[in-house]
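Source file: work24.txt (compact mmCIF, C-alpha atoms)
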# COMPACT_ATOMS: atom_id res chain seq x y z
CA MET A 27 -35.19 -58.53 2.55
CA LYS A 28 -37.18 -56.78 -0.18
CA LYS A 29 -37.45 -53.71 2.02
CA PHE A 30 -33.77 -53.91 2.76
CA PHE A 31 -32.81 -53.99 -0.94
CA ALA A 32 -35.18 -51.10 -1.59
CA VAL A 33 -33.36 -49.06 1.05
CA LEU A 34 -30.00 -50.12 -0.40
CA PHE A 35 -31.07 -49.12 -3.93
CA SER A 36 -32.23 -45.72 -2.65
CA ALA A 37 -28.90 -45.16 -0.91
CA LEU A 38 -26.98 -46.06 -4.06
CA SER A 39 -29.14 -43.67 -6.08
CA LEU A 40 -28.32 -40.84 -3.69
CA SER A 41 -24.63 -41.67 -3.92
CA VAL A 42 -24.74 -41.55 -7.71
CA PHE A 43 -26.61 -38.24 -7.61
CA ALA A 44 -24.04 -36.68 -5.26
CA GLN A 45 -21.27 -37.52 -7.69
CA THR A 46 -22.94 -36.27 -10.87
CA GLY A 47 -22.80 -32.70 -12.09
CA THR A 48 -20.19 -30.17 -13.11
CA ASN A 49 -17.07 -29.97 -10.93
CA LEU A 50 -16.01 -26.35 -10.49
CA THR A 51 -13.49 -24.54 -8.35
CA LEU A 52 -14.57 -21.49 -6.37
CA SER A 53 -12.91 -19.18 -8.87
CA GLU A 54 -14.66 -20.83 -11.82
CA THR A 55 -17.98 -20.65 -10.01
CA GLU A 56 -17.58 -16.94 -9.34
CA ASN A 57 -16.71 -16.25 -12.96
CA LEU A 58 -19.93 -17.97 -14.07
CA PHE A 59 -21.84 -16.03 -11.45
CA LEU A 60 -20.55 -12.69 -12.74
CA LYS A 61 -21.34 -13.71 -16.30
CA ASN A 62 -24.78 -15.30 -15.90
CA ASN A 63 -26.53 -13.83 -12.86
CA LEU A 64 -29.72 -12.12 -13.99
CA SER A 65 -30.07 -9.94 -10.88
CA LEU A 66 -26.68 -8.39 -11.59
CA LEU A 67 -27.59 -7.82 -15.22
CA ALA A 68 -30.82 -6.06 -14.19
CA ALA A 69 -28.95 -3.86 -11.70
CA LYS A 70 -26.45 -2.91 -14.41
CA PHE A 71 -29.34 -1.74 -16.58
CA ASN A 72 -30.50 0.37 -13.64
CA VAL A 73 -27.08 2.06 -13.59
CA ASP A 74 -27.38 2.69 -17.31
CA ALA A 75 -30.79 4.27 -16.71
CA ALA A 76 -29.33 6.55 -14.01
CA HIS A 77 -26.54 7.56 -16.39
CA ALA A 78 -29.15 8.41 -19.01
CA ALA A 79 -30.89 10.63 -16.45
CA VAL A 80 -27.66 12.64 -16.09
CA ILE A 81 -27.54 13.11 -19.84
CA GLN A 82 -31.16 14.25 -19.82
CA ALA A 83 -30.55 16.71 -16.96
CA LYS A 84 -27.84 18.44 -19.01
CA LEU A 85 -30.21 19.19 -21.88
CA TRP A 86 -31.84 22.62 -22.23
CA GLU A 87 -35.53 23.07 -22.87
CA ASN A 88 -36.38 23.00 -26.56
CA PRO A 89 -37.24 26.40 -28.11
CA ASN A 90 -40.87 27.02 -28.92
CA PHE A 91 -41.54 27.99 -32.54
CA GLN A 92 -44.90 29.39 -33.65
CA VAL A 93 -46.32 30.27 -37.06
CA GLY A 94 -49.46 32.34 -37.62
CA PHE A 95 -51.41 32.62 -40.92
CA ASN A 96 -54.41 34.68 -41.90
CA ALA A 97 -57.56 32.53 -42.00
CA TYR A 98 -59.95 35.14 -43.58
CA ASN A 99 -59.38 38.74 -44.72
CA PRO A 100 -62.75 40.59 -44.41
CA ASP A 101 -61.49 43.64 -46.33
CA ARG A 102 -60.49 41.60 -49.33
CA LYS A 103 -63.01 38.86 -48.64
CA LYS A 104 -60.31 36.27 -49.13
CA TYR A 105 -59.49 33.09 -47.25
CA PHE A 106 -55.87 32.32 -46.30
CA ASP A 107 -54.60 35.67 -47.46
CA ILE A 108 -50.91 34.99 -46.90
CA GLY A 109 -49.42 36.53 -50.05
CA PRO A 110 -47.28 39.67 -50.29
CA ASN A 111 -50.17 41.83 -49.06
CA GLY A 112 -51.58 39.27 -46.66
CA GLU A 113 -50.85 38.42 -43.05
CA LYS A 114 -48.45 35.91 -41.52
CA SER A 115 -46.21 35.87 -38.46
CA PHE A 116 -43.35 33.84 -37.05
CA SER A 117 -41.98 33.68 -33.50
CA ILE A 118 -39.44 31.64 -31.56
CA GLU A 119 -39.10 31.58 -27.77
CA GLN A 120 -36.46 30.04 -25.49
CA LEU A 121 -36.82 29.32 -21.76
CA ILE A 122 -33.71 30.20 -19.74
CA HIS A 123 -33.39 28.71 -16.25
CA LEU A 124 -32.15 31.16 -13.62
CA GLY A 125 -30.96 30.69 -10.05
CA GLY A 126 -28.61 27.77 -10.86
CA LYS A 127 -31.49 25.36 -11.49
CA LYS A 128 -29.74 23.50 -14.30
CA HIS A 129 -26.53 23.10 -12.30
CA ASP A 130 -28.45 21.75 -9.29
CA GLU A 131 -30.51 19.40 -11.45
CA ILE A 132 -27.38 17.92 -13.01
CA ALA A 133 -25.73 17.51 -9.60
CA LEU A 134 -28.86 15.75 -8.29
CA ALA A 135 -28.90 13.38 -11.27
CA ARG A 136 -25.20 12.58 -10.78
CA SER A 137 -25.80 11.82 -7.10
CA ASN A 138 -28.63 9.46 -8.05
CA GLN A 139 -26.34 7.79 -10.58
CA GLN A 140 -23.73 7.19 -7.89
CA VAL A 141 -26.46 5.80 -5.61
CA ALA A 142 -27.41 3.34 -8.37
CA GLU A 143 -23.77 2.31 -8.76
CA TYR A 144 -23.42 1.70 -5.02
CA GLU A 145 -26.67 -0.28 -5.03
CA LEU A 146 -25.20 -2.49 -7.77
CA SER A 147 -22.05 -2.94 -5.71
CA ASP A 148 -24.11 -3.81 -2.62
CA LEU A 149 -26.15 -6.32 -4.60
CA LEU A 150 -22.90 -7.91 -5.77
CA ARG A 151 -21.68 -8.02 -2.16
CA ASN A 152 -24.85 -9.78 -0.96
CA LEU A 153 -25.00 -12.24 -3.84
CA LYS A 154 -21.32 -13.10 -3.47
CA LEU A 155 -21.91 -14.02 0.19
CA GLN A 156 -24.83 -16.24 -0.82
CA LEU A 157 -22.74 -17.83 -3.55
CA ARG A 158 -19.80 -18.71 -1.33
CA GLN A 159 -21.90 -19.94 1.57
CA SER A 160 -23.97 -22.16 -0.73
CA TYR A 161 -20.80 -23.37 -2.45
CA PHE A 162 -19.13 -24.54 0.75
CA GLU A 163 -22.41 -25.80 2.19
CA ALA A 164 -22.66 -28.14 -0.78
CA TYR A 165 -18.94 -29.00 -0.61
CA TYR A 166 -18.80 -30.06 3.05
CA ASP A 167 -22.20 -31.74 2.98
CA ASN A 168 -21.00 -33.75 0.00
CA LEU A 169 -17.91 -34.84 1.95
CA SER A 170 -20.15 -35.99 4.79
CA TYR A 171 -22.40 -37.68 2.25
CA GLN A 172 -19.51 -39.64 0.75
CA ALA A 173 -18.26 -40.65 4.21
CA LEU A 174 -21.69 -41.96 5.11
CA THR A 175 -21.85 -43.84 1.81
CA ARG A 176 -18.55 -45.53 2.64
CA GLN A 177 -19.67 -46.44 6.15
CA MET A 178 -23.03 -47.73 4.92
CA SER A 179 -21.21 -49.93 2.41
CA SER A 180 -19.15 -51.48 5.21
CA VAL A 181 -22.19 -52.02 7.41
CA ASP A 182 -24.14 -53.41 4.47
CA SER A 183 -21.52 -56.11 3.84
CA LEU A 184 -21.66 -57.02 7.53
CA ILE A 185 -25.46 -57.22 7.38
CA GLU A 186 -25.22 -59.67 4.50
CA SER A 187 -22.77 -61.85 6.45
CA TYR A 188 -24.85 -61.67 9.64
CA ASN A 189 -28.03 -62.45 7.73
CA ASN A 190 -26.48 -65.67 6.41
CA GLN A 191 -25.30 -66.65 9.88
CA VAL A 192 -28.68 -65.85 11.42
CA GLU A 193 -30.43 -68.04 8.84
CA LYS A 194 -28.02 -70.85 9.75
CA GLY A 195 -28.71 -70.29 13.44
CA ASN A 196 -25.12 -69.38 14.25
CA LEU A 197 -25.89 -65.82 15.45
CA PRO A 198 -28.82 -64.29 17.32
CA GLU A 199 -31.23 -62.20 15.27
CA LYS A 200 -30.90 -59.29 17.71
CA ASP A 201 -27.33 -58.70 16.45
CA LEU A 202 -28.64 -58.45 12.89
CA VAL A 203 -31.35 -56.02 14.01
CA ARG A 204 -28.71 -53.87 15.75
CA LEU A 205 -26.66 -53.65 12.55
CA GLN A 206 -29.74 -52.88 10.50
CA GLY A 207 -30.67 -50.15 13.00
CA LEU A 208 -27.20 -48.62 12.62
CA TYR A 209 -27.61 -48.74 8.84
CA LEU A 210 -31.01 -47.04 8.95
CA ASN A 211 -29.67 -44.31 11.24
CA PHE A 212 -26.94 -43.63 8.71
CA LYS A 213 -29.56 -43.69 5.96
CA GLN A 214 -31.63 -41.03 7.77
CA GLU A 215 -28.60 -38.77 8.19
CA LYS A 216 -27.72 -39.30 4.55
CA SER A 217 -31.22 -38.31 3.46
CA GLU A 218 -30.93 -35.06 5.42
CA LEU A 219 -27.60 -34.36 3.75
CA TYR A 220 -29.17 -35.13 0.38
CA LYS A 221 -31.85 -32.48 0.98
CA SER A 222 -29.24 -29.96 2.08
CA ILE A 223 -27.13 -30.62 -1.03
CA LEU A 224 -30.23 -30.23 -3.20
CA GLU A 225 -31.02 -26.84 -1.66
CA ALA A 226 -27.44 -25.62 -1.98
CA GLN A 227 -27.24 -26.79 -5.60
CA ASN A 228 -30.54 -25.05 -6.33
CA ASP A 229 -29.17 -21.79 -4.89
CA LEU A 230 -26.01 -22.20 -6.94
CA ALA A 231 -28.06 -22.88 -10.07
CA VAL A 232 -30.02 -19.66 -9.56
CA LEU A 233 -26.83 -17.68 -8.95
CA THR A 234 -24.69 -19.16 -11.72
CA GLY A 235 -27.10 -20.68 -14.22
CA ILE A 236 -25.37 -24.09 -13.85
CA GLN A 237 -27.48 -27.08 -12.86
CA GLU A 238 -26.09 -29.63 -10.35
CA LEU A 239 -22.87 -27.74 -9.77
CA VAL A 240 -20.44 -29.86 -7.71
CA PRO A 241 -17.99 -27.69 -5.70
CA GLN A 242 -14.37 -28.75 -6.00
CA PRO A 243 -12.27 -26.00 -4.36
CA THR A 244 -8.51 -25.99 -4.78
CA VAL A 245 -6.09 -26.50 -1.90
CA GLN A 246 -5.21 -22.80 -2.06
CA GLU A 247 -8.87 -21.76 -1.92
CA LEU A 248 -9.42 -23.89 1.20
CA ALA A 249 -6.19 -22.74 2.84
CA ALA A 250 -7.28 -19.10 2.57
CA TYR A 251 -9.74 -19.66 5.43
CA GLU A 252 -7.09 -20.93 7.83
CA LYS A 253 -5.73 -17.46 8.53
CA GLN A 254 -5.03 -17.13 12.25
CA ASP A 255 -5.10 -13.37 12.77
CA LEU A 256 -6.97 -10.27 11.63
CA PRO A 257 -6.57 -6.50 11.99
CA ASN A 258 -7.98 -5.11 15.24
CA LEU A 259 -11.65 -4.20 15.58
CA GLN A 260 -11.09 -0.49 15.03
CA SER A 261 -9.21 -1.16 11.79
CA LEU A 262 -11.91 -3.55 10.58
CA THR A 263 -14.62 -1.02 11.44
CA THR A 264 -12.82 1.72 9.53
CA THR A 265 -12.41 -0.61 6.55
CA ALA A 266 -16.11 -1.44 6.63
CA ILE A 267 -17.21 2.20 6.79
CA ASP A 268 -14.81 3.15 3.98
CA ASN A 269 -15.79 0.22 1.73
CA ARG A 270 -19.39 -0.71 2.47
CA SER A 271 -21.43 0.15 -0.60
CA ASP A 272 -24.67 0.37 1.39
CA PHE A 273 -23.12 2.99 3.69
CA LEU A 274 -21.58 4.87 0.76
CA SER A 275 -24.97 4.75 -0.94
CA LEU A 276 -26.57 6.36 2.10
CA SER A 277 -23.85 9.03 2.07
CA LYS A 278 -24.70 9.77 -1.55
CA GLN A 279 -28.37 9.82 -0.66
CA VAL A 280 -27.57 12.58 1.84
CA ASP A 281 -25.79 14.48 -0.93
CA ALA A 282 -28.73 13.89 -3.27
CA ALA A 283 -31.17 15.14 -0.63
CA LYS A 284 -29.10 18.31 -0.16
CA TRP A 285 -28.92 18.91 -3.90
CA ASN A 286 -32.66 18.36 -4.12
CA LEU A 287 -33.22 20.95 -1.38
CA LYS A 288 -31.00 23.41 -3.21
CA TRP A 289 -32.80 22.69 -6.47
CA GLN A 290 -36.21 23.16 -4.85
CA LYS A 291 -35.09 26.51 -3.45
CA ALA A 292 -33.88 27.49 -6.91
CA GLN A 293 -37.39 26.82 -8.23
CA ASN A 294 -38.45 29.94 -6.34
CA VAL A 295 -36.34 32.01 -8.74
CA PRO A 296 -38.48 32.79 -11.83
CA ASP A 297 -37.25 31.54 -15.18
CA LEU A 298 -36.79 33.96 -18.07
CA SER A 299 -38.42 33.51 -21.45
CA VAL A 300 -36.70 35.24 -24.38
CA GLY A 301 -38.37 35.43 -27.76
CA VAL A 302 -38.10 36.98 -31.20
CA SER A 303 -41.11 37.46 -33.47
CA TRP A 304 -41.84 38.83 -36.96
CA ASP A 305 -45.25 40.03 -38.06
CA GLN A 306 -46.10 40.97 -41.65
CA GLN A 307 -49.01 43.40 -41.12
CA ALA A 308 -50.77 42.95 -37.77
CA SER A 309 -48.52 45.33 -35.83
CA ALA A 310 -48.47 49.15 -35.84
CA PHE A 311 -46.35 48.97 -38.98
CA ASN A 312 -45.60 46.33 -41.54
CA ASN A 313 -42.85 43.73 -41.25
CA SER A 314 -42.46 44.27 -37.53
CA THR A 315 -39.65 42.42 -35.75
CA SER A 316 -40.05 42.27 -31.94
CA LEU A 317 -38.07 41.06 -28.96
CA SER A 318 -40.06 39.65 -26.02
CA LEU A 319 -39.07 38.95 -22.43
CA GLY A 320 -41.29 37.06 -20.02
CA ILE A 321 -41.00 36.14 -16.35
CA PRO A 322 -43.60 34.70 -13.92
CA LEU A 323 -44.36 36.67 -10.78
CA PRO A 324 -43.78 34.56 -7.62
CA LEU A 325 -46.69 36.02 -5.67
CA TRP A 326 -48.50 32.98 -4.27
CA ASN A 327 -46.61 29.85 -5.32
CA ARG A 328 -43.02 30.13 -4.15
CA ASN A 329 -42.54 26.33 -3.95
CA GLN A 330 -42.85 26.46 -0.16
CA GLY A 331 -44.21 22.92 0.24
CA ASN A 332 -41.54 21.22 -1.85
CA ILE A 333 -38.80 23.15 -0.07
CA LYS A 334 -40.10 22.07 3.34
CA GLN A 335 -40.40 18.47 2.17
CA ALA A 336 -36.85 18.48 0.76
CA ALA A 337 -35.49 19.86 4.05
CA ALA A 338 -37.18 17.00 5.92
CA GLN A 339 -35.68 14.47 3.49
CA VAL A 340 -32.20 15.80 4.28
CA LYS A 341 -32.78 15.11 7.98
CA ILE A 342 -34.13 11.64 7.21
CA ALA A 343 -31.09 10.81 5.05
CA ASP A 344 -28.71 12.04 7.78
CA ALA A 345 -30.48 9.90 10.38
CA ASN A 346 -30.37 6.81 8.14
CA LYS A 347 -26.65 7.31 7.54
CA ALA A 348 -25.91 7.63 11.28
CA GLN A 349 -28.00 4.56 12.06
CA GLN A 350 -26.21 2.53 9.39
CA GLN A 351 -22.81 3.50 10.76
CA GLN A 352 -23.84 2.33 14.22
CA LYS A 353 -25.17 -0.89 12.72
CA ILE A 354 -21.90 -1.54 10.88
CA GLU A 355 -19.87 -1.05 14.04
CA ASN A 356 -21.99 -3.62 15.87
CA GLU A 357 -21.86 -6.04 12.92
CA VAL A 358 -18.06 -5.95 12.88
CA ILE A 359 -17.87 -6.76 16.59
CA LEU A 360 -20.33 -9.65 16.27
CA ALA A 361 -18.65 -11.09 13.16
CA TYR A 362 -15.22 -10.91 14.81
CA LYS A 363 -16.45 -12.82 17.87
CA LYS A 364 -18.11 -15.47 15.71
CA TRP A 365 -14.90 -15.88 13.70
CA LYS A 366 -12.80 -16.32 16.86
CA ASP A 367 -15.20 -18.95 18.17
CA ALA A 368 -15.30 -20.79 14.84
CA LEU A 369 -11.50 -20.71 14.61
CA ASP A 370 -11.14 -22.18 18.12
CA ASN A 371 -13.63 -24.94 17.28
CA HIS A 372 -11.90 -25.76 14.03
CA LYS A 373 -8.57 -26.16 15.81
CA LEU A 374 -10.05 -29.03 17.84
CA LEU A 375 -10.48 -31.13 14.70
CA ASN A 376 -8.09 -30.81 11.81
CA GLN A 377 -7.59 -32.90 8.70
CA ASP A 378 -4.64 -34.80 10.20
CA LYS A 379 -6.83 -35.98 13.06
CA ILE A 380 -9.57 -36.96 10.65
CA ASN A 381 -7.09 -39.01 8.62
CA LYS A 382 -6.02 -40.82 11.81
CA PHE A 383 -9.68 -41.46 12.62
CA ARG A 384 -10.00 -43.05 9.19
CA GLU A 385 -7.10 -45.37 9.98
CA VAL A 386 -8.73 -46.26 13.28
CA GLU A 387 -12.02 -46.92 11.46
CA ASN A 388 -10.31 -49.38 9.12
CA GLY A 389 -8.59 -51.05 12.08
CA VAL A 390 -11.86 -51.34 14.03
CA LEU A 391 -13.57 -52.87 11.01
CA ARG A 392 -10.79 -55.45 10.61
CA ASN A 393 -10.79 -56.34 14.31
CA PHE A 394 -14.55 -56.71 14.31
CA ARG A 395 -14.45 -59.03 11.31
CA HIS A 396 -11.79 -61.11 13.10
CA GLY A 397 -13.90 -61.27 16.24
CA ASN A 398 -11.64 -59.09 18.37
CA LEU A 399 -14.44 -56.56 19.07
CA SER A 400 -17.96 -57.07 20.24
CA LEU A 401 -20.92 -55.88 18.19
CA ILE A 402 -21.74 -53.22 20.79
CA GLU A 403 -18.17 -51.90 20.71
CA PHE A 404 -18.24 -51.81 16.93
CA THR A 405 -21.59 -50.00 16.60
CA ASP A 406 -20.68 -47.53 19.33
CA PHE A 407 -17.46 -46.71 17.53
CA MET A 408 -19.18 -46.30 14.16
CA GLU A 409 -21.77 -43.97 15.65
CA ASN A 410 -19.15 -41.90 17.47
CA TYR A 411 -16.88 -41.81 14.45
CA ASN A 412 -19.73 -40.64 12.24
CA GLN A 413 -20.70 -37.92 14.74
CA THR A 414 -17.06 -36.78 14.95
CA LEU A 415 -16.73 -36.63 11.17
CA GLN A 416 -20.01 -34.73 10.78
CA GLN A 417 -18.92 -32.32 13.51
CA TYR A 418 -15.62 -31.69 11.76
CA HIS A 419 -17.39 -30.77 8.55
CA LYS A 420 -19.80 -28.60 10.54
CA PHE A 421 -16.89 -26.76 12.20
CA ALA A 422 -15.26 -26.31 8.78
CA LYS A 423 -18.48 -24.83 7.36
CA GLU A 424 -18.85 -22.51 10.34
CA LEU A 425 -15.27 -21.30 9.91
CA VAL A 426 -15.79 -20.61 6.20
CA ASN A 427 -19.09 -18.84 6.88
CA SER A 428 -17.58 -16.69 9.62
CA CYS A 429 -14.65 -15.73 7.36
CA GLU A 430 -17.02 -14.87 4.52
CA GLU A 431 -19.16 -12.86 6.90
CA ILE A 432 -16.15 -10.71 7.79
CA ASN A 433 -15.39 -10.26 4.09
CA TYR A 434 -19.05 -9.36 3.58
CA ILE A 435 -19.33 -6.93 6.48
CA THR A 436 -16.08 -5.12 5.70
CA ASN A 437 -16.55 -5.44 1.91
CA SER A 438 -12.91 -6.41 1.65
CA THR A 439 -10.84 -9.54 1.10
CA GLN A 440 -9.60 -10.48 4.55
CA PHE A 441 -9.64 -14.19 3.60
Show how you would write the structure in this file as structure tokens.
Amino acid sequence: MKKFFAVLFSALSLSVFAQTGTNLTLSETENLFLKNNLSLLAAKFNVDAAHAAVIQAKLWENPNFQVGFNAYNPDRKKYFDIGPNGEKSFSIEQLIHLGGKKHDEIALARSNQQVAEYELSDLLRNLKLQLRQSYFEAYYDNLSYQALTRQMSSVDSLIESYNNQVEKGNLPEKDLVRLQGLYLNFKQEKSELYKSILEAQNDLAVLTGIQELVPQPTVQELAAYEKQDLPNLQSLTTTAIDNRSDFLSLSKQVDAAKWNLKWQKAQNVPDLSVGVSWDQQASAFNNSTSLSLGIPLPLWNRNQGNIKQAAAQVKIADANKAQQQQKIENEVILAYKKWKDALDNHKLLNQDKINKFREVENGVLRNFRHGNLSLIEFTDFMENYNQTLQQYHKFAKELVNSCEEINYITNSTQF
């Protein structure tokens, strides 16, 4: 009996744990996720950094200013002879990019900024899928957990009655053992649900910053997943290609690779240096003001290697984009089939049927207490009823997950 009460105390502890925490609807959970998720905040900083790179690309090179002073005048035997009859010079030089380099550099930076924005959007898409799947995993597992708690309470009261009758010799001990075996089976299933709820709550805590979040979706939020039809596969595929941030990111990576190739080719065009200088005495005549022009001669280094590398990167980006499009098309087909299967399974067990099962459960319990059912009939029913209830919650989770997968793959709100 000590072992039995230890098991009972453990079960009650799990029941209390499942009911503690912060009850939140799906909408409230998503708002906390958008506000608190550290991965999103880090990705937003990455977008800010890419925007700063655009600002930097727009800036011209700083002019180069030089000042020269006489250190020692041998004729006058004077150090730092910089007076009216001494020597000093000033010059300023500006680098001017030719060949459209600055335009191409800015365009490349803007493409990289858009890539960063799409990467943020794709991160949001992935994290939102994790959030919703963990949310409904915890929700339906908690429903199963509560149902098991209720069933274990009923069986526990029967065990107490049977134990008294066995001690009096009115009932065989094998009947008590059978009830205790049913209770322990329920306890094992409940422990597995407990672990699953823990894992889901841990995922939700990481995503939202809220410990022991207890999902409590509204009727409207649950009803959204009972949609019976969807656009055809071609329409869903088009939506996915138009909306998927990972695909759009690859498209921008192609643009960035092309701008990089153009920029590398522009590096082959020499840049012009323009300068103005004034020299007090060192030139052919005093107070000389000069204009200087400078340009490197592209004799050996014409940026050939970087141009060839940039051309290869364009081909790689094109291939990645084509591969991703093919992958998206296959993902849409697979997700659609999984949704159809989940919808068909969910139709087999709906809430009305589950409510009727609950009425039957209460009736079976009453009849068993009144002696109208055998112990074998009662335990068989309880086991089958529990399996049916667990299967219903499993079908409901699969339907939600398949709906969310379609939302995820198409990056749209189909449900």
Open item on the list: Can you tell me which residues surround range 138-150 of chain A at a distance of at most 6 Å, considering only C-alpha atoms, apart from same-chain residues fewer than 3 positions away, and format the answer as number ranges by chain?
Closed with: A: 69, 73, 76-77, 135, 153-154, 271-272, 275, 278
Would you write out those residues with C-alpha atoms, as a JSON list (two decimals), in the frame of the given file?
[["chain", "number", "residue", "atom", "x", "y", "z"],
["A", 69, "ALA", "CA", -28.95, -3.86, -11.70],
["A", 73, "VAL", "CA", -27.08, 2.06, -13.59],
["A", 76, "ALA", "CA", -29.33, 6.55, -14.01],
["A", 77, "HIS", "CA", -26.54, 7.56, -16.39],
["A", 135, "ALA", "CA", -28.90, 13.38, -11.27],
["A", 153, "LEU", "CA", -25.00, -12.24, -3.84],
["A", 154, "LYS", "CA", -21.32, -13.10, -3.47],
["A", 271, "SER", "CA", -21.43, 0.15, -0.60],
["A", 272, "ASP", "CA", -24.67, 0.37, 1.39],
["A", 275, "SER", "CA", -24.97, 4.75, -0.94],
["A", 278, "LYS", "CA", -24.70, 9.77, -1.55]]
Open item on the list: Here is a test: counting all atoms listed in the file, which residue of A:Leu184, A:Leu219, A:Leu52, A:Ile342 is nearest to Phe162 in chain A?
Closed with: A:Leu52
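In terms of minimum interatomic distance to Lys114 in chain A, A:Phe95 ranks closest within A:Lys334, A:Trp365, A:Phe95, A:Val80, counting all atoms listed in the file.
Proximity ranking of A:Leu197, A:Val192, A:Ala266, A:Leu124 relative to Ile359 in chain A places A:Ala266 first, based on only C-alpha atoms.
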Task: Spatial neighbours of Tyr98 in chain A, 10 Å, all atoms listed in the file, chain gap at least 6 places, as number ranges by chain - done: A: 104-108, 112-113
Resulting file, chosen residues, C-alpha atoms, as a CSV table (one decimal), in the coordinates of the input:
chain,number,residue,atom,x,y,z
A,104,LYS,CA,-60.3,36.3,-49.1
A,105,TYR,CA,-59.5,33.1,-47.2
A,106,PHE,CA,-55.9,32.3,-46.3
A,107,ASP,CA,-54.6,35.7,-47.5
A,108,ILE,CA,-50.9,35.0,-46.9
A,112,GLY,CA,-51.6,39.3,-46.7
A,113,GLU,CA,-50.8,38.4,-43.0
Open item on the list: Nearest residue to Glu218 in chain A out of A:Glu186, A:Asp167, A:Glu87, A:Glu238, using all atoms listed in the file?
Closed with: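 Checking each candidate against Glu218 in chain A, we get A:Asp167 as the closest.
Here CA of Asp344 in chain A is placed at a distance of 16.7 Å from CA of Arg270 in chain A.
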Task: For CA of Ser222 in chain A and CA of Tyr209 in chain A, the interatomic separation in Å (one decimal) - done: 20.0 Å
TODO: Mind giving me the straight-line distance from CA of Lys84 in chain A to CA of Leu325 in chain A in Å, one decimal?
DONE: 29.0 Å
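When all atoms listed in the file are used to measure the gap to Ile380 in chain A, the shortest distance among A:Gln416, A:Gln159, A:Arg151, A:Val203 belongs to A:Gln416.
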Open item on the list: Please list as a PyMOL selection string every residue within 12 Å of Gln260 in chain A, counting all atoms listed in the file and excluding residues in the same chain fewer than 5 positions away.
Closed with: chain A and resi 265-267+354-356+358-359+362+436
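Distance check against Thr414 in chain A using all atoms listed in the file: of A:Glu131, A:Asn211, A:Gln156, A:Ala173, the minimum falls on A:Ala173.
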Do you know which residues are at most 10 Å from Leu401 in chain A counting all atoms listed in the file, after dropping those on the same chain fewer than 6 positions away, and could you put them as a tab-separated table (two decimals) with C-alpha atoms, in the frame of the given file?
chain	number	residue	atom	x	y	z
A	201	ASP	CA	-27.33	-58.70	16.45
A	202	LEU	CA	-28.64	-58.45	12.89
A	204	ARG	CA	-28.71	-53.87	15.75
A	205	LEU	CA	-26.66	-53.65	12.55
A	394	PHE	CA	-14.55	-56.71	14.31
A	395	ARG	CA	-14.45	-59.03	11.31
A	407	PHE	CA	-17.46	-46.71	17.53
